[in-house]
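Student: Input my_file26.cif, format and content: mmCIF, N, CA and C atoms.
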```cif
data_final
#
loop_
_atom_site.label_atom_id
_atom_site.label_comp_id
_atom_site.auth_asym_id
_atom_site.auth_seq_id
_atom_site.Cartn_x
_atom_site.Cartn_y
_atom_site.Cartn_z
N MET A 20 5.85 12.83 -19.03
CA MET A 20 5.26 11.88 -18.09
C MET A 20 3.99 11.30 -18.68
N ASN A 21 3.69 10.12 -18.24
CA ASN A 21 2.43 9.52 -18.65
C ASN A 21 1.71 8.99 -17.42
N GLN A 22 0.40 8.91 -17.54
CA GLN A 22 -0.39 8.42 -16.42
C GLN A 22 -0.14 6.94 -16.24
N LYS A 23 -0.03 6.51 -14.98
CA LYS A 23 0.22 5.12 -14.68
C LYS A 23 -0.51 4.76 -13.39
N THR A 24 -1.16 3.61 -13.37
CA THR A 24 -1.86 3.14 -12.18
C THR A 24 -1.31 1.78 -11.80
N VAL A 25 -1.02 1.61 -10.50
CA VAL A 25 -0.47 0.35 -10.00
C VAL A 25 -1.25 -0.10 -8.78
N LEU A 26 -1.23 -1.40 -8.54
CA LEU A 26 -1.77 -1.97 -7.32
C LEU A 26 -0.59 -2.48 -6.52
N ALA A 27 -0.43 -2.00 -5.30
CA ALA A 27 0.67 -2.43 -4.45
C ALA A 27 0.12 -3.31 -3.33
N ILE A 28 0.88 -4.36 -3.01
CA ILE A 28 0.49 -5.29 -1.95
C ILE A 28 1.66 -5.46 -0.99
N ASP A 29 1.38 -5.25 0.28
CA ASP A 29 2.35 -5.49 1.35
C ASP A 29 1.94 -6.80 2.01
N PRO A 30 2.55 -7.94 1.60
CA PRO A 30 2.10 -9.23 2.11
C PRO A 30 2.60 -9.52 3.51
N GLY A 31 1.77 -10.21 4.26
CA GLY A 31 2.15 -10.64 5.59
C GLY A 31 1.71 -12.09 5.79
N THR A 32 1.89 -12.59 6.98
CA THR A 32 1.52 -13.96 7.27
C THR A 32 0.01 -14.14 7.31
N ALA A 33 -0.68 -13.24 8.01
CA ALA A 33 -2.13 -13.36 8.16
C ALA A 33 -2.90 -12.35 7.33
N LYS A 34 -2.31 -11.16 7.11
CA LYS A 34 -3.03 -10.10 6.40
C LYS A 34 -2.10 -9.41 5.41
N CYS A 35 -2.74 -8.73 4.45
CA CYS A 35 -2.00 -7.98 3.43
C CYS A 35 -2.58 -6.57 3.35
N GLY A 36 -1.70 -5.60 3.21
CA GLY A 36 -2.14 -4.25 2.91
C GLY A 36 -2.16 -4.09 1.41
N MET A 37 -3.17 -3.39 0.91
CA MET A 37 -3.30 -3.17 -0.53
C MET A 37 -3.58 -1.70 -0.78
N ALA A 38 -3.00 -1.17 -1.85
CA ALA A 38 -3.22 0.24 -2.21
C ALA A 38 -3.21 0.39 -3.72
N LEU A 39 -4.23 1.05 -4.24
CA LEU A 39 -4.31 1.38 -5.66
C LEU A 39 -3.87 2.83 -5.80
N VAL A 40 -2.82 3.03 -6.57
CA VAL A 40 -2.16 4.34 -6.62
C VAL A 40 -1.94 4.73 -8.09
N THR A 41 -2.11 6.01 -8.37
CA THR A 41 -1.89 6.50 -9.73
C THR A 41 -0.92 7.68 -9.73
N ARG A 42 -0.22 7.81 -10.85
CA ARG A 42 0.62 8.99 -11.10
C ARG A 42 0.05 9.65 -12.34
N ASP A 43 -0.35 10.92 -12.20
CA ASP A 43 -0.98 11.60 -13.33
C ASP A 43 0.07 12.15 -14.30
N ASP A 44 -0.39 12.82 -15.32
CA ASP A 44 0.49 13.36 -16.35
C ASP A 44 1.46 14.42 -15.83
N HIS A 45 1.16 14.97 -14.66
CA HIS A 45 2.02 16.01 -14.08
C HIS A 45 2.94 15.44 -13.01
N GLY A 46 2.93 14.12 -12.81
CA GLY A 46 3.80 13.49 -11.85
C GLY A 46 3.25 13.42 -10.43
N GLN A 47 2.01 13.88 -10.25
CA GLN A 47 1.39 13.85 -8.92
C GLN A 47 0.92 12.43 -8.59
N ILE A 48 1.24 11.96 -7.39
CA ILE A 48 0.84 10.63 -6.96
C ILE A 48 -0.39 10.74 -6.09
N LYS A 49 -1.38 9.89 -6.39
CA LYS A 49 -2.65 9.96 -5.69
C LYS A 49 -3.10 8.56 -5.27
N LEU A 50 -3.51 8.45 -4.02
CA LEU A 50 -4.06 7.20 -3.50
C LEU A 50 -5.53 7.12 -3.89
N LEU A 51 -5.91 6.06 -4.61
CA LEU A 51 -7.28 5.90 -5.07
C LEU A 51 -8.10 4.99 -4.17
N TRP A 52 -7.44 4.01 -3.54
CA TRP A 52 -8.15 2.99 -2.78
C TRP A 52 -7.14 2.27 -1.91
N ARG A 53 -7.53 1.90 -0.70
CA ARG A 53 -6.64 1.12 0.16
C ARG A 53 -7.46 0.25 1.09
N THR A 54 -6.87 -0.86 1.49
CA THR A 54 -7.54 -1.78 2.40
C THR A 54 -6.54 -2.73 3.03
N ILE A 55 -6.97 -3.39 4.09
CA ILE A 55 -6.20 -4.46 4.71
C ILE A 55 -7.11 -5.68 4.72
N VAL A 56 -6.59 -6.80 4.20
CA VAL A 56 -7.40 -8.01 4.07
C VAL A 56 -6.62 -9.22 4.54
N GLU A 57 -7.36 -10.30 4.80
CA GLU A 57 -6.72 -11.58 5.07
C GLU A 57 -6.06 -12.05 3.80
N VAL A 58 -4.99 -12.81 3.93
CA VAL A 58 -4.25 -13.29 2.76
C VAL A 58 -5.18 -14.01 1.79
N SER A 59 -6.12 -14.78 2.29
CA SER A 59 -7.03 -15.55 1.44
C SER A 59 -7.96 -14.67 0.60
N GLN A 60 -8.08 -13.39 0.94
CA GLN A 60 -8.99 -12.49 0.23
C GLN A 60 -8.30 -11.61 -0.81
N VAL A 61 -7.01 -11.74 -0.96
CA VAL A 61 -6.26 -10.84 -1.85
C VAL A 61 -6.79 -10.88 -3.28
N MET A 62 -7.03 -12.05 -3.80
CA MET A 62 -7.47 -12.15 -5.20
C MET A 62 -8.83 -11.49 -5.41
N ASP A 63 -9.76 -11.69 -4.47
CA ASP A 63 -11.08 -11.05 -4.58
C ASP A 63 -10.95 -9.53 -4.53
N ARG A 64 -10.10 -9.04 -3.65
CA ARG A 64 -9.94 -7.60 -3.51
C ARG A 64 -9.18 -6.99 -4.67
N MET A 65 -8.35 -7.79 -5.35
CA MET A 65 -7.70 -7.30 -6.57
C MET A 65 -8.75 -6.95 -7.61
N GLN A 66 -9.77 -7.78 -7.70
CA GLN A 66 -10.86 -7.53 -8.65
C GLN A 66 -11.60 -6.24 -8.26
N GLU A 67 -11.81 -6.04 -6.96
CA GLU A 67 -12.47 -4.82 -6.49
C GLU A 67 -11.63 -3.59 -6.86
N ALA A 68 -10.33 -3.69 -6.70
CA ALA A 68 -9.44 -2.57 -7.06
C ALA A 68 -9.51 -2.29 -8.55
N LYS A 69 -9.58 -3.35 -9.35
CA LYS A 69 -9.65 -3.19 -10.82
C LYS A 69 -10.93 -2.47 -11.23
N GLU A 70 -12.00 -2.64 -10.46
CA GLU A 70 -13.26 -1.95 -10.75
C GLU A 70 -13.15 -0.45 -10.44
N VAL A 71 -12.31 -0.09 -9.46
CA VAL A 71 -12.08 1.33 -9.16
C VAL A 71 -11.33 1.97 -10.33
N ARG A 72 -10.25 1.32 -10.76
CA ARG A 72 -9.49 1.76 -11.94
C ARG A 72 -8.58 0.62 -12.38
N PRO A 73 -8.56 0.32 -13.65
CA PRO A 73 -7.66 -0.73 -14.15
C PRO A 73 -6.19 -0.36 -13.86
N PHE A 74 -5.38 -1.35 -13.54
CA PHE A 74 -3.98 -1.11 -13.24
C PHE A 74 -3.11 -1.93 -14.19
N GLU A 75 -1.90 -1.41 -14.43
CA GLU A 75 -0.99 -2.03 -15.38
C GLU A 75 -0.05 -3.03 -14.74
N ILE A 76 0.18 -2.88 -13.45
CA ILE A 76 1.20 -3.68 -12.78
C ILE A 76 0.81 -3.90 -11.32
N VAL A 77 1.24 -5.02 -10.78
CA VAL A 77 1.07 -5.29 -9.36
C VAL A 77 2.46 -5.25 -8.73
N ILE A 78 2.59 -4.46 -7.68
CA ILE A 78 3.84 -4.34 -6.95
C ILE A 78 3.67 -5.12 -5.65
N VAL A 79 4.60 -6.04 -5.39
CA VAL A 79 4.51 -6.86 -4.18
C VAL A 79 5.78 -6.66 -3.37
N GLY A 80 5.61 -6.39 -2.08
CA GLY A 80 6.75 -6.26 -1.19
C GLY A 80 7.46 -7.59 -1.04
N SER A 81 8.77 -7.56 -0.88
CA SER A 81 9.59 -8.77 -0.88
C SER A 81 9.64 -9.50 0.46
N GLY A 82 8.92 -9.03 1.44
CA GLY A 82 9.02 -9.61 2.78
C GLY A 82 8.22 -10.88 2.97
N THR A 83 7.72 -11.05 4.18
CA THR A 83 6.98 -12.24 4.60
C THR A 83 5.88 -12.60 3.62
N ASN A 84 5.84 -13.86 3.22
CA ASN A 84 4.76 -14.43 2.41
C ASN A 84 4.69 -13.90 0.98
N SER A 85 5.70 -13.19 0.53
CA SER A 85 5.62 -12.61 -0.82
C SER A 85 5.59 -13.69 -1.90
N ASP A 86 6.33 -14.77 -1.72
CA ASP A 86 6.37 -15.83 -2.73
C ASP A 86 4.99 -16.43 -2.97
N SER A 87 4.24 -16.70 -1.90
CA SER A 87 2.92 -17.31 -2.08
C SER A 87 1.92 -16.33 -2.68
N VAL A 88 2.03 -15.05 -2.36
CA VAL A 88 1.14 -14.05 -2.95
C VAL A 88 1.43 -13.91 -4.45
N VAL A 89 2.69 -13.85 -4.82
CA VAL A 89 3.06 -13.76 -6.23
C VAL A 89 2.57 -14.99 -6.98
N LYS A 90 2.74 -16.16 -6.40
CA LYS A 90 2.29 -17.41 -7.03
C LYS A 90 0.77 -17.38 -7.26
N ALA A 91 0.01 -16.94 -6.26
CA ALA A 91 -1.45 -16.87 -6.38
C ALA A 91 -1.87 -15.89 -7.48
N ILE A 92 -1.20 -14.76 -7.56
CA ILE A 92 -1.52 -13.77 -8.59
C ILE A 92 -1.24 -14.36 -9.97
N ARG A 93 -0.10 -15.02 -10.12
CA ARG A 93 0.27 -15.61 -11.43
C ARG A 93 -0.71 -16.69 -11.86
N GLU A 94 -1.24 -17.45 -10.91
CA GLU A 94 -2.18 -18.51 -11.25
C GLU A 94 -3.52 -17.95 -11.74
N VAL A 95 -3.95 -16.84 -11.15
CA VAL A 95 -5.26 -16.28 -11.47
C VAL A 95 -5.18 -15.25 -12.59
N SER A 96 -4.15 -14.45 -12.60
CA SER A 96 -4.03 -13.36 -13.58
C SER A 96 -2.82 -13.58 -14.47
N VAL A 97 -2.93 -14.54 -15.34
CA VAL A 97 -1.84 -14.87 -16.26
C VAL A 97 -1.55 -13.65 -17.14
N GLY A 98 -0.28 -13.30 -17.24
CA GLY A 98 0.10 -12.19 -18.11
C GLY A 98 0.15 -10.84 -17.41
N LEU A 99 -0.37 -10.74 -16.19
CA LEU A 99 -0.32 -9.48 -15.46
C LEU A 99 1.11 -9.25 -14.96
N ALA A 100 1.64 -8.06 -15.19
CA ALA A 100 3.00 -7.74 -14.77
C ALA A 100 3.07 -7.65 -13.25
N ILE A 101 4.08 -8.32 -12.68
CA ILE A 101 4.30 -8.31 -11.23
C ILE A 101 5.72 -7.86 -10.98
N LEU A 102 5.88 -6.90 -10.09
CA LEU A 102 7.20 -6.41 -9.72
C LEU A 102 7.37 -6.61 -8.22
N VAL A 103 8.37 -7.37 -7.82
CA VAL A 103 8.67 -7.59 -6.41
C VAL A 103 9.74 -6.58 -6.02
N VAL A 104 9.44 -5.77 -4.98
CA VAL A 104 10.37 -4.72 -4.56
C VAL A 104 10.75 -4.87 -3.09
N ASP A 105 11.89 -4.32 -2.76
CA ASP A 105 12.41 -4.36 -1.40
C ASP A 105 11.49 -3.59 -0.45
N GLU A 106 11.19 -4.19 0.69
CA GLU A 106 10.30 -3.56 1.68
C GLU A 106 11.06 -2.76 2.74
N LYS A 107 12.35 -2.65 2.61
CA LYS A 107 13.15 -2.03 3.67
C LYS A 107 12.58 -0.67 4.10
N ASN A 108 12.36 -0.52 5.40
CA ASN A 108 11.89 0.70 6.06
C ASN A 108 10.44 1.09 5.74
N THR A 109 9.69 0.25 5.07
CA THR A 109 8.31 0.63 4.75
C THR A 109 7.44 0.74 6.00
N THR A 110 7.70 -0.09 7.00
CA THR A 110 6.89 -0.01 8.22
C THR A 110 7.10 1.32 8.92
N LEU A 111 8.33 1.76 9.04
CA LEU A 111 8.60 3.05 9.68
C LEU A 111 8.00 4.20 8.88
N GLN A 112 8.13 4.15 7.56
CA GLN A 112 7.56 5.20 6.72
C GLN A 112 6.03 5.16 6.76
N ALA A 113 5.46 3.96 6.86
CA ALA A 113 4.00 3.83 6.95
C ALA A 113 3.49 4.42 8.27
N ARG A 114 4.22 4.24 9.34
CA ARG A 114 3.83 4.86 10.62
C ARG A 114 3.79 6.38 10.49
N GLU A 115 4.83 6.93 9.89
CA GLU A 115 4.87 8.38 9.70
C GLU A 115 3.69 8.85 8.85
N ARG A 116 3.41 8.14 7.76
CA ARG A 116 2.32 8.51 6.87
C ARG A 116 0.97 8.40 7.58
N TYR A 117 0.83 7.40 8.43
CA TYR A 117 -0.41 7.24 9.19
C TYR A 117 -0.66 8.49 10.04
N TRP A 118 0.37 8.94 10.74
CA TRP A 118 0.18 10.10 11.62
C TRP A 118 0.00 11.39 10.83
N VAL A 119 0.52 11.48 9.62
CA VAL A 119 0.27 12.65 8.78
C VAL A 119 -1.21 12.71 8.40
N ASN A 120 -1.80 11.54 8.14
CA ASN A 120 -3.19 11.46 7.69
C ASN A 120 -4.21 11.29 8.81
N THR A 121 -3.76 11.09 10.03
CA THR A 121 -4.66 10.87 11.16
C THR A 121 -4.35 11.90 12.23
N HIS A 122 -5.34 12.68 12.60
CA HIS A 122 -5.13 13.70 13.62
C HIS A 122 -4.98 13.05 14.98
N ARG A 123 -3.92 13.43 15.66
CA ARG A 123 -3.69 12.89 17.00
C ARG A 123 -4.54 13.68 17.99
N ARG A 124 -5.16 12.94 18.91
CA ARG A 124 -6.03 13.55 19.91
C ARG A 124 -5.53 13.20 21.30
N GLY A 125 -5.96 13.98 22.27
CA GLY A 125 -5.63 13.70 23.67
C GLY A 125 -4.13 13.68 23.91
N TRP A 126 -3.71 12.68 24.69
CA TRP A 126 -2.30 12.58 25.07
C TRP A 126 -1.39 12.36 23.86
N ARG A 127 -1.91 11.83 22.77
CA ARG A 127 -1.08 11.57 21.59
C ARG A 127 -0.50 12.87 20.99
N ARG A 128 -1.17 14.00 21.24
CA ARG A 128 -0.65 15.28 20.72
C ARG A 128 0.61 15.70 21.46
N LEU A 129 0.82 15.18 22.67
CA LEU A 129 1.94 15.60 23.49
C LEU A 129 3.26 14.91 23.13
N LEU A 130 3.17 13.72 22.58
CA LEU A 130 4.38 12.97 22.21
C LEU A 130 4.67 13.12 20.72
N PRO A 131 5.95 13.15 20.36
CA PRO A 131 6.29 13.19 18.93
C PRO A 131 5.72 11.96 18.23
N ALA A 132 5.24 12.15 17.02
CA ALA A 132 4.64 11.05 16.25
C ALA A 132 5.63 9.91 16.03
N THR A 133 6.92 10.24 15.94
CA THR A 133 7.93 9.20 15.70
C THR A 133 8.08 8.24 16.87
N LEU A 134 7.60 8.62 18.05
CA LEU A 134 7.68 7.75 19.22
C LEU A 134 6.41 6.94 19.45
N GLN A 135 5.44 7.07 18.57
CA GLN A 135 4.15 6.41 18.77
C GLN A 135 3.92 5.30 17.75
N VAL A 136 3.25 4.26 18.21
CA VAL A 136 2.83 3.17 17.33
C VAL A 136 1.35 3.39 17.06
N PRO A 137 0.94 3.38 15.81
CA PRO A 137 -0.48 3.58 15.49
C PRO A 137 -1.36 2.53 16.19
N PRO A 138 -2.56 2.91 16.58
CA PRO A 138 -3.46 2.00 17.30
C PRO A 138 -4.17 0.99 16.39
N GLU A 139 -3.89 1.00 15.11
CA GLU A 139 -4.52 0.08 14.17
C GLU A 139 -3.47 -0.36 13.15
N PRO A 140 -3.73 -1.46 12.43
CA PRO A 140 -2.76 -1.93 11.42
C PRO A 140 -2.52 -0.88 10.35
N ILE A 141 -1.29 -0.86 9.84
CA ILE A 141 -0.90 0.14 8.85
C ILE A 141 -0.38 -0.50 7.57
N ASP A 142 -0.73 -1.75 7.34
CA ASP A 142 -0.25 -2.47 6.16
C ASP A 142 -0.65 -1.78 4.86
N ASP A 143 -1.81 -1.14 4.84
CA ASP A 143 -2.25 -0.42 3.64
C ASP A 143 -1.36 0.78 3.36
N TYR A 144 -0.90 1.44 4.40
CA TYR A 144 0.03 2.56 4.21
C TYR A 144 1.39 2.05 3.72
N ALA A 145 1.80 0.87 4.20
CA ALA A 145 3.06 0.28 3.72
C ALA A 145 2.95 -0.03 2.23
N ALA A 146 1.79 -0.54 1.80
CA ALA A 146 1.58 -0.80 0.38
C ALA A 146 1.66 0.50 -0.42
N PHE A 147 1.09 1.57 0.11
CA PHE A 147 1.14 2.87 -0.55
C PHE A 147 2.60 3.34 -0.70
N ILE A 148 3.40 3.13 0.32
CA ILE A 148 4.83 3.51 0.26
C ILE A 148 5.53 2.72 -0.84
N LEU A 149 5.23 1.42 -0.96
CA LEU A 149 5.82 0.61 -2.04
C LEU A 149 5.46 1.19 -3.41
N ALA A 150 4.20 1.55 -3.59
CA ALA A 150 3.76 2.11 -4.87
C ALA A 150 4.46 3.44 -5.14
N GLU A 151 4.57 4.28 -4.14
CA GLU A 151 5.26 5.56 -4.31
C GLU A 151 6.69 5.37 -4.77
N ARG A 152 7.37 4.40 -4.15
CA ARG A 152 8.77 4.15 -4.52
C ARG A 152 8.90 3.83 -6.01
N VAL A 153 8.03 2.99 -6.49
CA VAL A 153 8.09 2.58 -7.90
C VAL A 153 7.67 3.74 -8.82
N LEU A 154 6.60 4.42 -8.48
CA LEU A 154 6.09 5.48 -9.35
C LEU A 154 7.00 6.70 -9.40
N THR A 155 7.73 6.97 -8.34
CA THR A 155 8.64 8.12 -8.36
C THR A 155 9.96 7.79 -9.04
N SER A 156 10.28 6.50 -9.16
CA SER A 156 11.53 6.13 -9.80
C SER A 156 11.37 5.81 -11.28
N SER A 157 10.11 5.70 -11.73
CA SER A 157 9.90 5.35 -13.15
C SER A 157 9.57 6.55 -14.00
#
```
Could you write out this structure as structure tokens?

Tutor:
Amino acid sequence: MNQKTVLAIDPGTAKCGMALVTRDDHGQIKLLWRTIVEVSQVMDRMQEAKEVRPFEIVIVGSGTNSDSVVKAIREVSVGLAILVVDEKNTTLQARERYWVNTHRRGWRRLLPATLQVPPEPIDDYAAFILAERVLTSS
């Protein structure tokens, strides 16, 4: 195995989830940075992610607005590798991941996590799921 760092983007109409993820020499996947931004801020936040750790590839979900995000990345970062991947079921998996990482309080503890919708956007978790898919298959 070799260490690999990727930036994943879950594009949407108004906002995008972003996650900087690495796989170490032992195959462990680690989330380094995540955020949710307006579509117009993606390029600025890509630079912020690069300052946390340089990445070799950008992974973009194939759903809503992916074409315009890919086009913007290509215009600004010529030569940067971009991989467009299927987003199927990322929202459901992101909900599950949100509840794993967020302690449920009050009445939320009484209902199964699978029946609950997170009280905040989870686009960053969806981006993390996209990165995991690529890093575990490579």

Student: Excluding range 153-155 of chain A and any residue of its chain fewer than 5 positions from it, enumerate the residues within 8 Å of it, using all atoms listed in the file, and give them as a list in words.

Tutor: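 What passes the distance filter is Lys23, Thr41, Arg42, Gly46, Ile48, Phe147 and Ile148 of chain A.
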
Student: DSSP on the backbone: which residues in chain A end up as helix (DSSP H, G or I)? Give the answer as a ChimeraX atom specification.

Tutor: /A:58-71,85-95,109-120,125-128,132-134,142-156

Student: Expressed in Å to a single decimal, how great is the separation between atom C of Gln47 in chain A and CA of Glu151 in chain A?

Tutor: 9.2 Å

Student: Just want the 5 Å neighbourhood of range 26-38 of chain A, counted on only N, CA and C atoms, with same-chain residues fewer than 3 positions away dropped. Output as a PyMOL selection string.

Tutor: chain A and resi 52-58+76-80+83+142-143+146

Student: Starting from the PyMOL selection byres (((chain A and resi 95-98 and name CA) around 12) and name CA), expand the selection into actual residues of this file and give them as an MDAnalysis selection string.

Tutor: chainID A and resid 61:63 65:66 69 75:77 88:94 99:101

Student: Give me, as a ChimeraX atom specification, all polymer residues having an atom no more than 8 Å from range 110-125 of chain A, counting only N, CA and C atoms and skipping those fewer than 2 positions away in the same chain.

Tutor: /A:106-108,127-130,132-133,135-137,141-148

Student: Taking all atoms of range 79-95 of chain A that the file lists and extending 6 Å past them on each side, where is the centre of the axis-aligned box and how long are its edges? Answer in Å to one decimal, as AutoDock Vina command-line options.

Tutor:
```
--center_x 2.2 --center_y -12.3 --center_z -4.0 --size_x 26.9 --size_y 24.5 --size_z 29.2
```
